[in-house]
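Everything below belongs to query_19.cif, which stores mmCIF, C-alpha atoms.
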```cif
data_target
#
loop_
_atom_site.label_atom_id
_atom_site.label_comp_id
_atom_site.auth_asym_id
_atom_site.auth_seq_id
_atom_site.Cartn_x
_atom_site.Cartn_y
_atom_site.Cartn_z
CA MET H 1 67.50 204.81 80.41
CA LYS H 2 70.77 206.58 81.23
CA LEU H 3 73.38 204.13 82.48
CA VAL H 4 76.36 205.41 84.46
CA THR H 5 79.50 204.28 86.17
CA TYR H 6 80.11 206.38 89.27
CA ALA H 7 82.35 206.67 92.31
CA LYS H 8 81.04 207.16 95.83
CA ALA H 9 82.94 206.76 99.11
CA GLY H 10 85.90 205.20 97.33
CA LEU H 11 83.83 202.60 95.53
CA THR H 12 83.08 202.46 91.81
CA GLN H 13 79.61 201.20 90.92
CA VAL H 14 77.18 200.90 88.03
CA GLY H 15 73.80 202.60 88.13
CA TRP H 16 71.04 204.31 86.22
CA VAL H 17 69.90 207.90 86.40
CA ASP H 18 66.42 208.58 87.77
CA GLY H 19 65.82 212.33 87.81
CA ASP H 20 68.39 213.84 90.17
CA GLU H 21 69.33 210.47 91.66
CA VAL H 22 71.47 207.49 90.73
CA ALA H 23 70.03 204.04 91.44
CA ALA H 24 72.70 201.38 92.07
CA ILE H 25 72.79 198.17 90.03
CA ASP H 26 74.15 194.90 91.43
CA ILE H 27 76.67 194.20 88.67
CA PRO H 28 80.49 194.38 88.81
CA ASP H 29 80.91 196.70 85.80
CA MET H 30 79.08 198.05 82.77
CA ARG H 31 80.46 195.46 80.37
CA ALA H 32 78.96 192.74 82.55
CA LEU H 33 75.55 194.41 82.29
CA PHE H 34 75.69 194.48 78.49
CA ALA H 35 76.86 190.85 78.45
CA LEU H 36 73.62 189.66 80.04
CA GLU H 37 70.99 188.18 77.74
CA GLY H 38 67.83 190.21 77.21
CA ASN H 39 66.98 193.90 77.25
CA VAL H 40 69.64 196.08 78.88
CA SER H 41 67.12 198.44 80.52
CA ALA H 42 65.03 195.58 81.89
CA ASN H 43 68.12 193.92 83.32
CA ALA H 44 69.20 197.18 84.96
CA LEU H 45 65.82 197.51 86.66
CA ARG H 46 65.81 193.87 87.70
CA LEU H 47 69.26 194.18 89.29
CA SER H 48 68.62 197.49 91.04
CA THR H 49 69.60 197.25 94.71
CA GLY H 50 67.36 199.97 96.12
CA VAL H 51 70.42 202.04 97.08
CA ARG H 52 70.23 205.58 95.73
CA HIS H 53 72.50 208.61 95.76
CA ARG H 54 72.01 212.18 94.67
CA LEU H 55 73.52 212.67 91.23
CA ASP H 56 75.42 215.75 92.39
CA GLU H 57 77.00 213.75 95.23
CA VAL H 58 78.71 211.14 93.04
CA ALA H 59 81.59 211.42 90.58
CA LEU H 60 80.72 210.12 87.14
CA ARG H 61 83.38 208.01 85.46
CA ALA H 62 83.69 206.83 81.88
CA PRO H 63 80.46 204.83 81.57
CA ILE H 64 82.15 201.77 80.06
CA VAL H 65 85.63 200.47 79.30
CA PRO H 66 85.24 198.06 76.38
CA LYS H 67 87.44 195.23 75.21
CA LYS H 68 87.69 196.94 71.81
CA ILE H 69 86.95 200.32 70.27
CA PHE H 70 86.14 200.07 66.57
CA HIS H 71 87.04 203.57 65.48
CA THR H 72 85.42 204.35 62.13
CA ALA H 73 85.79 207.46 60.00
CA GLY H 74 84.79 208.97 56.67
CA ASN H 75 81.07 208.59 57.36
CA TYR H 76 80.22 212.29 56.97
CA ALA H 77 80.85 213.77 53.52
CA GLU H 78 81.03 217.26 55.04
CA HIS H 79 84.19 216.29 56.97
CA ALA H 80 85.78 214.82 53.85
CA GLN H 81 84.94 217.97 51.89
CA GLU H 82 86.51 220.28 54.46
CA GLY H 83 89.61 218.10 54.44
CA ASP H 84 89.82 218.45 50.66
CA ARG H 85 89.43 222.24 50.90
CA ALA H 86 92.23 222.38 53.47
CA ASN H 87 94.45 220.24 51.22
CA TRP H 88 94.89 217.70 54.01
CA VAL H 89 97.69 215.19 53.57
CA ALA H 90 95.27 212.41 52.53
CA ALA H 91 91.69 212.19 51.37
CA ILE H 92 89.05 211.16 53.91
CA ARG H 93 87.06 208.35 52.34
CA PRO H 94 84.27 206.08 53.64
CA TRP H 95 84.96 202.77 55.38
CA ILE H 96 88.01 203.81 57.37
CA MET H 97 88.42 201.68 60.52
CA PHE H 98 91.14 201.17 63.07
CA PHE H 99 91.26 199.95 66.66
CA GLN H 100 91.44 202.61 69.33
CA ASN H 101 93.23 202.32 72.68
CA PRO H 102 90.84 201.61 75.61
CA ASP H 103 93.57 202.68 78.05
CA ALA H 104 93.23 206.23 76.70
CA ILE H 105 89.58 206.47 77.84
CA ILE H 106 88.63 209.18 80.32
CA GLY H 107 85.21 210.20 81.59
CA PRO H 108 83.16 213.36 82.07
CA ASP H 109 85.05 216.24 83.70
CA ASP H 110 88.31 214.29 83.58
CA PRO H 111 91.25 216.35 82.26
CA ILE H 112 92.63 215.96 78.77
CA VAL H 113 96.38 216.14 79.33
CA TYR H 114 98.25 218.19 76.73
CA PRO H 115 101.52 216.34 75.97
CA GLU H 116 103.55 219.41 75.02
CA HIS H 117 106.61 217.29 74.22
CA LEU H 118 104.69 215.40 71.52
CA THR H 119 102.33 217.81 69.78
CA ARG H 120 101.62 221.45 69.04
CA GLU H 121 98.37 220.77 67.16
CA LEU H 122 95.78 219.27 69.50
CA ASP H 123 92.34 218.94 67.93
CA TYR H 124 88.82 217.78 68.83
CA GLU H 125 86.30 215.59 66.96
CA LEU H 126 82.72 215.19 68.20
CA GLU H 127 81.25 211.76 67.42
CA LEU H 128 78.22 209.64 68.21
CA ALA H 129 79.34 206.22 69.43
CA VAL H 130 77.41 202.96 69.74
CA ILE H 131 77.60 200.31 72.45
CA ILE H 132 77.41 196.75 71.12
CA SER H 133 74.88 194.72 73.12
CA LYS H 134 75.88 191.16 72.26
CA PRO H 135 78.74 189.22 70.70
CA GLY H 136 78.68 188.49 66.99
CA ARG H 137 80.64 188.27 63.79
CA PHE H 138 79.91 188.17 60.05
CA LEU H 139 76.67 190.05 60.66
CA SER H 140 74.22 191.12 57.98
CA VAL H 141 72.86 194.65 58.14
CA GLU H 142 69.60 193.27 59.55
CA GLN H 143 71.44 191.29 62.21
CA ALA H 144 73.53 194.35 63.08
CA LYS H 145 70.39 196.29 64.00
CA ASP H 146 69.85 193.93 66.94
CA CYS H 147 73.37 194.58 68.28
CA ILE H 148 72.85 198.26 69.12
CA GLY H 149 72.56 198.48 72.89
CA GLY H 150 73.01 202.19 73.47
CA TYR H 151 74.60 205.48 72.48
CA VAL H 152 77.30 207.63 74.05
CA ILE H 153 79.17 210.86 73.24
CA PHE H 154 82.79 210.52 72.15
CA ASN H 155 85.33 213.32 71.65
CA ASP H 156 88.11 211.99 69.44
CA ILE H 157 91.13 214.04 70.56
CA THR H 158 93.81 214.05 67.85
CA ALA H 159 97.40 215.31 67.61
CA ARG H 160 97.27 216.58 64.04
CA ASP H 161 101.02 217.01 63.56
CA ILE H 162 101.54 213.37 64.55
CA GLN H 163 98.57 212.30 62.41
CA ARG H 164 99.92 214.20 59.40
CA ARG H 165 103.15 212.24 59.62
CA GLU H 166 101.32 208.94 60.17
CA MET H 167 99.02 209.51 57.20
CA GLN H 168 101.99 209.74 54.87
CA SER H 169 102.04 205.99 55.37
CA ALA H 170 98.22 205.75 55.19
CA ASN H 171 98.00 205.01 58.91
CA PHE H 172 96.82 207.05 61.90
CA VAL H 173 96.51 205.37 65.27
CA PHE H 174 99.10 206.77 67.68
CA SER H 175 97.94 210.36 67.09
CA LYS H 176 94.55 209.42 68.59
CA SER H 177 95.65 206.87 71.20
CA ILE H 178 97.76 208.90 73.63
CA SER H 179 96.69 208.78 77.28
CA SER H 180 93.49 210.84 77.97
CA PHE H 181 92.71 211.26 74.25
CA CYS H 182 89.43 209.27 74.40
CA PRO H 183 86.80 211.12 76.44
CA PHE H 184 83.49 209.22 76.66
CA GLY H 185 80.29 210.00 78.52
CA PRO H 186 78.63 211.31 80.52
CA TRP H 187 76.42 208.21 80.33
CA ILE H 188 75.07 205.60 77.95
CA VAL H 189 71.56 206.21 76.69
CA THR H 190 69.96 202.84 75.93
CA ALA H 191 68.81 202.22 72.37
CA ASP H 192 65.14 202.02 73.36
CA GLU H 193 65.30 205.75 74.25
CA ILE H 194 66.49 206.86 70.79
CA ASP H 195 63.83 206.07 68.20
CA ASP H 196 65.69 207.83 65.38
CA PRO H 197 69.48 208.09 65.68
CA TYR H 198 69.58 209.91 62.32
CA ASP H 199 67.95 213.10 63.58
CA LEU H 200 70.18 214.20 66.44
CA ASP H 201 71.78 217.64 66.62
CA LEU H 202 75.51 217.67 67.33
CA GLU H 203 77.43 220.64 68.71
CA LEU H 204 80.91 221.10 70.10
CA THR H 205 82.07 224.31 71.75
CA VAL H 206 85.46 225.44 73.05
CA ASN H 207 85.23 228.06 75.79
CA GLY H 208 81.65 228.67 74.69
CA GLU H 209 82.57 229.26 71.04
CA LYS H 210 80.71 227.00 68.61
CA ARG H 211 83.09 224.95 66.49
CA GLN H 212 81.17 221.89 65.24
CA ILE H 213 77.46 222.13 64.42
CA SER H 214 75.72 219.36 62.47
CA ASN H 215 73.11 216.62 62.60
CA THR H 216 73.37 212.85 62.37
CA SER H 217 71.08 213.02 59.33
CA HIS H 218 74.21 214.04 57.40
CA MET H 219 75.75 210.59 57.89
CA SER H 220 76.36 209.00 54.50
CA VAL H 221 75.96 205.41 55.75
CA THR H 222 73.78 203.84 58.43
CA ILE H 223 74.94 202.58 61.81
CA PRO H 224 73.92 198.95 61.03
CA GLN H 225 75.93 199.19 57.80
CA ILE H 226 78.99 200.27 59.79
CA ILE H 227 78.52 197.49 62.35
CA SER H 228 78.00 194.89 59.62
CA LYS H 229 80.98 196.06 57.56
CA PHE H 230 83.51 195.48 60.33
CA SER H 231 81.83 192.52 62.03
CA PRO H 232 84.26 189.94 60.57
CA ALA H 233 86.68 191.14 63.28
CA GLY H 234 84.16 189.98 65.89
CA TYR H 235 82.29 191.97 68.53
CA SER H 236 82.11 191.42 72.25
CA ALA H 237 79.25 192.75 74.37
CA GLY H 238 80.18 196.24 75.48
CA ASP H 239 82.46 197.02 72.55
CA ILE H 240 82.26 200.57 71.20
CA VAL H 241 81.83 201.54 67.55
CA THR H 242 82.35 205.20 66.69
CA THR H 243 80.62 206.78 63.70
CA GLY H 244 83.03 209.51 62.58
CA THR H 245 83.11 213.25 63.07
CA VAL H 246 81.43 216.18 61.34
CA SER H 247 82.81 219.40 59.87
CA GLY H 248 84.33 222.14 62.02
CA VAL H 249 87.57 220.62 63.30
CA ALA H 250 90.45 222.99 64.00
CA ALA H 251 92.83 221.46 61.46
CA PHE H 252 90.54 222.28 58.54
CA SER H 253 89.53 225.78 59.69
CA LYS H 254 90.73 229.04 58.17
CA ASP H 255 93.10 229.59 61.10
CA PRO H 256 94.06 226.22 62.61
CA GLN H 257 96.62 227.63 65.05
CA ALA H 258 93.95 229.86 66.60
CA TRP H 259 91.57 226.91 66.99
CA TYR H 260 93.90 224.16 68.18
CA LEU H 261 93.33 223.24 71.81
CA LYS H 262 95.48 224.70 74.57
CA PRO H 263 95.73 224.18 78.34
CA GLY H 264 92.81 225.91 80.02
CA ASP H 265 90.37 225.29 77.16
CA ARG H 266 86.97 223.97 78.21
CA ILE H 267 85.28 221.63 75.71
CA GLU H 268 81.58 220.83 75.68
CA ALA H 269 80.52 218.05 73.31
CA LYS H 270 76.75 217.86 72.96
CA ILE H 271 74.43 215.40 71.24
CA GLU H 272 70.69 215.91 71.36
CA ARG H 273 68.79 213.48 73.63
CA ILE H 274 72.06 212.10 74.99
CA GLY H 275 73.67 214.91 76.95
CA VAL H 276 76.82 216.98 77.30
CA LEU H 277 80.36 215.69 77.75
CA ARG H 278 82.60 218.30 79.41
CA ASN H 279 86.39 218.13 79.63
CA GLU H 280 89.13 220.67 80.24
CA VAL H 281 92.58 220.62 78.68
CA VAL H 282 95.37 220.80 81.25
CA SER H 283 99.12 221.15 80.88
CA TRP H 284 101.53 218.32 81.54
CA LYS H 285 102.72 220.10 84.72
CA GLN H 286 99.16 220.52 86.00
CA ALA H 287 98.57 216.81 85.52
CA TYR H 288 101.85 215.38 86.75
CA GLY H 289 103.51 218.12 88.81
CA VAL H 290 106.62 218.31 86.63
CA GLU H 291 107.52 220.03 83.38
CA ALA H 292 106.92 218.08 80.20
CA PRO H 293 109.91 216.18 78.83
CA GLN H 294 112.00 217.76 76.09
CA TRP H 295 110.13 218.41 72.83
CA GLU H 296 110.01 215.30 70.65
CA GLY H 297 107.71 216.68 67.97
CA PHE H 298 106.81 214.51 65.02
#
```
Structure re-expressed in structure tokens:
Amino acid sequence: MKLVTYAKAGLTQVGWVDGDEVAAIDIPDMRALFALEGNVSANALRLSTGVRHRLDEVALRAPIVPKKIFHTAGNYAEHAQEGDRANWVAAIRPWIMFFQNPDAIIGPDDPIVYPEHLTRELDYELELAVIISKPGRFLSVEQAKDCIGGYVIFNDITARDIQRREMQSANFVFSKSISSFCPFGPWIVTADEIDDPYDLDLELTVNGEKRQISNTSHMSVTIPQIISKFSPAGYSAGDIVTTGTVSGVAAFSKDPQAWYLKPGDRIEAKIERIGVLRNEVVSWKQAYGVEAPQWEGF
């Protein structure tokens, strides 16, 4: 089942996609749906109101805004290897985790605002993300398997010049947490629809040019292992756990300046059996109607 949050006639609602229609669900928000006991898909069907809209007549929003985003990294050796080849400021090793900023979340077709006064090196990172289906802490790997409620596409937008400075202190949060830097969507595909999450093709394009091409089979750890590893922090239903990016980012390419994102760039982040997340980069003036503040580069 594809679960969506959508806007229609000034109202924001939760629903599920049925062909070219959206069926409304009687629930205040997506987190509340995942907080219910039992199967997420069954609950969505049970709470369906009978109200339907054409999919092309609604505006899709970020499918969920969680309490916490567990942002993990270093789970694809290919990304670590390209970082080593590019002589990146720090090695990318397994079991990296930090909390991401839910206020930076945007949805499908929402603009990524280029903060020209903060960065000159805006990058992309395609990732598969997991929706946690129930609260828990100190979970075994076996217990973690039962906490996977669904999957969603995440594009981890990163200001590399800020990140480079942060990583000199072995920390990188602000570079990924600026407003509009967390595109999610276009919907959540429930876990019962993905029988094997380790055989999904991933592809990210910028203006139609292929940049990241990989498969989740290249992941060096399993999703339950990731969930278990960081469970001492405690999960709430609806929390998001990201699984790290693959090779092909701009910063580690042969010509980073040519590949860094710029206003006008159109990004398509694709994951097989889930969908396509599309976002365009816009300038500060396009977004806010005024020129960006004076350059404060890091």
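Within 7 Å of range 199-215 of chain H, once all atoms listed in the file are used and residues closer than 6 positions along the same chain are dropped, the contacting residues are Leu126, Val246, Ser247, Gly248, Val249, Asp265, Arg266, Ile267, Glu268, Ala269, Lys270, Ile271 and Glu272 of chain H.
Minimum atom-to-atom distances from H:Leu3, H:Ile162, H:Ala32, H:Val17 to Arg52 in chain H were compared using only C-alpha atoms, and the lowest value belongs to H:Val17.
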>> Just want the 8 Å neighbourhood of range 67-84 of chain H, counted on only C-alpha atoms, with same-chain residues fewer than 3 positions away dropped. Output as an MDAnalysis selection string.
In response: chainID H and resid 87:88 91:102 218:221 226 236 238:248 252
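Non-sequential neighbours of range 181-197 of chain H (distance at most 6 Å, separation of 2 or more positions within a chain, all atoms listed in the file) are Met1, Lys2, Leu3, Val4, Ala62, Pro63, Ala104, Ile105, Ile106, Gly107, Pro108, Gly149, Gly150, Tyr151, Val152, Ile153, Phe154, Asn155, Asp156, Ile157, Ile178, Ser179, Asp199 and Leu277 of chain H.
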>> Which polymer residues, whether protein, DNA or RNA, lie within 9 Å of the coordinate (95.3, 218.2, 65.1) when you count only C-alpha atoms? List them as a ChimeraX atom specification, using the chain letters and numbers from the file.
In response: /H:119-124,157-164,175,249-251,256,260-261
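In this comparison, which uses only C-alpha atoms, the residue of H:Ile148, H:Leu55, H:Ala292, H:Ile25 approaching Ala42 in chain H most closely is H:Ile25.
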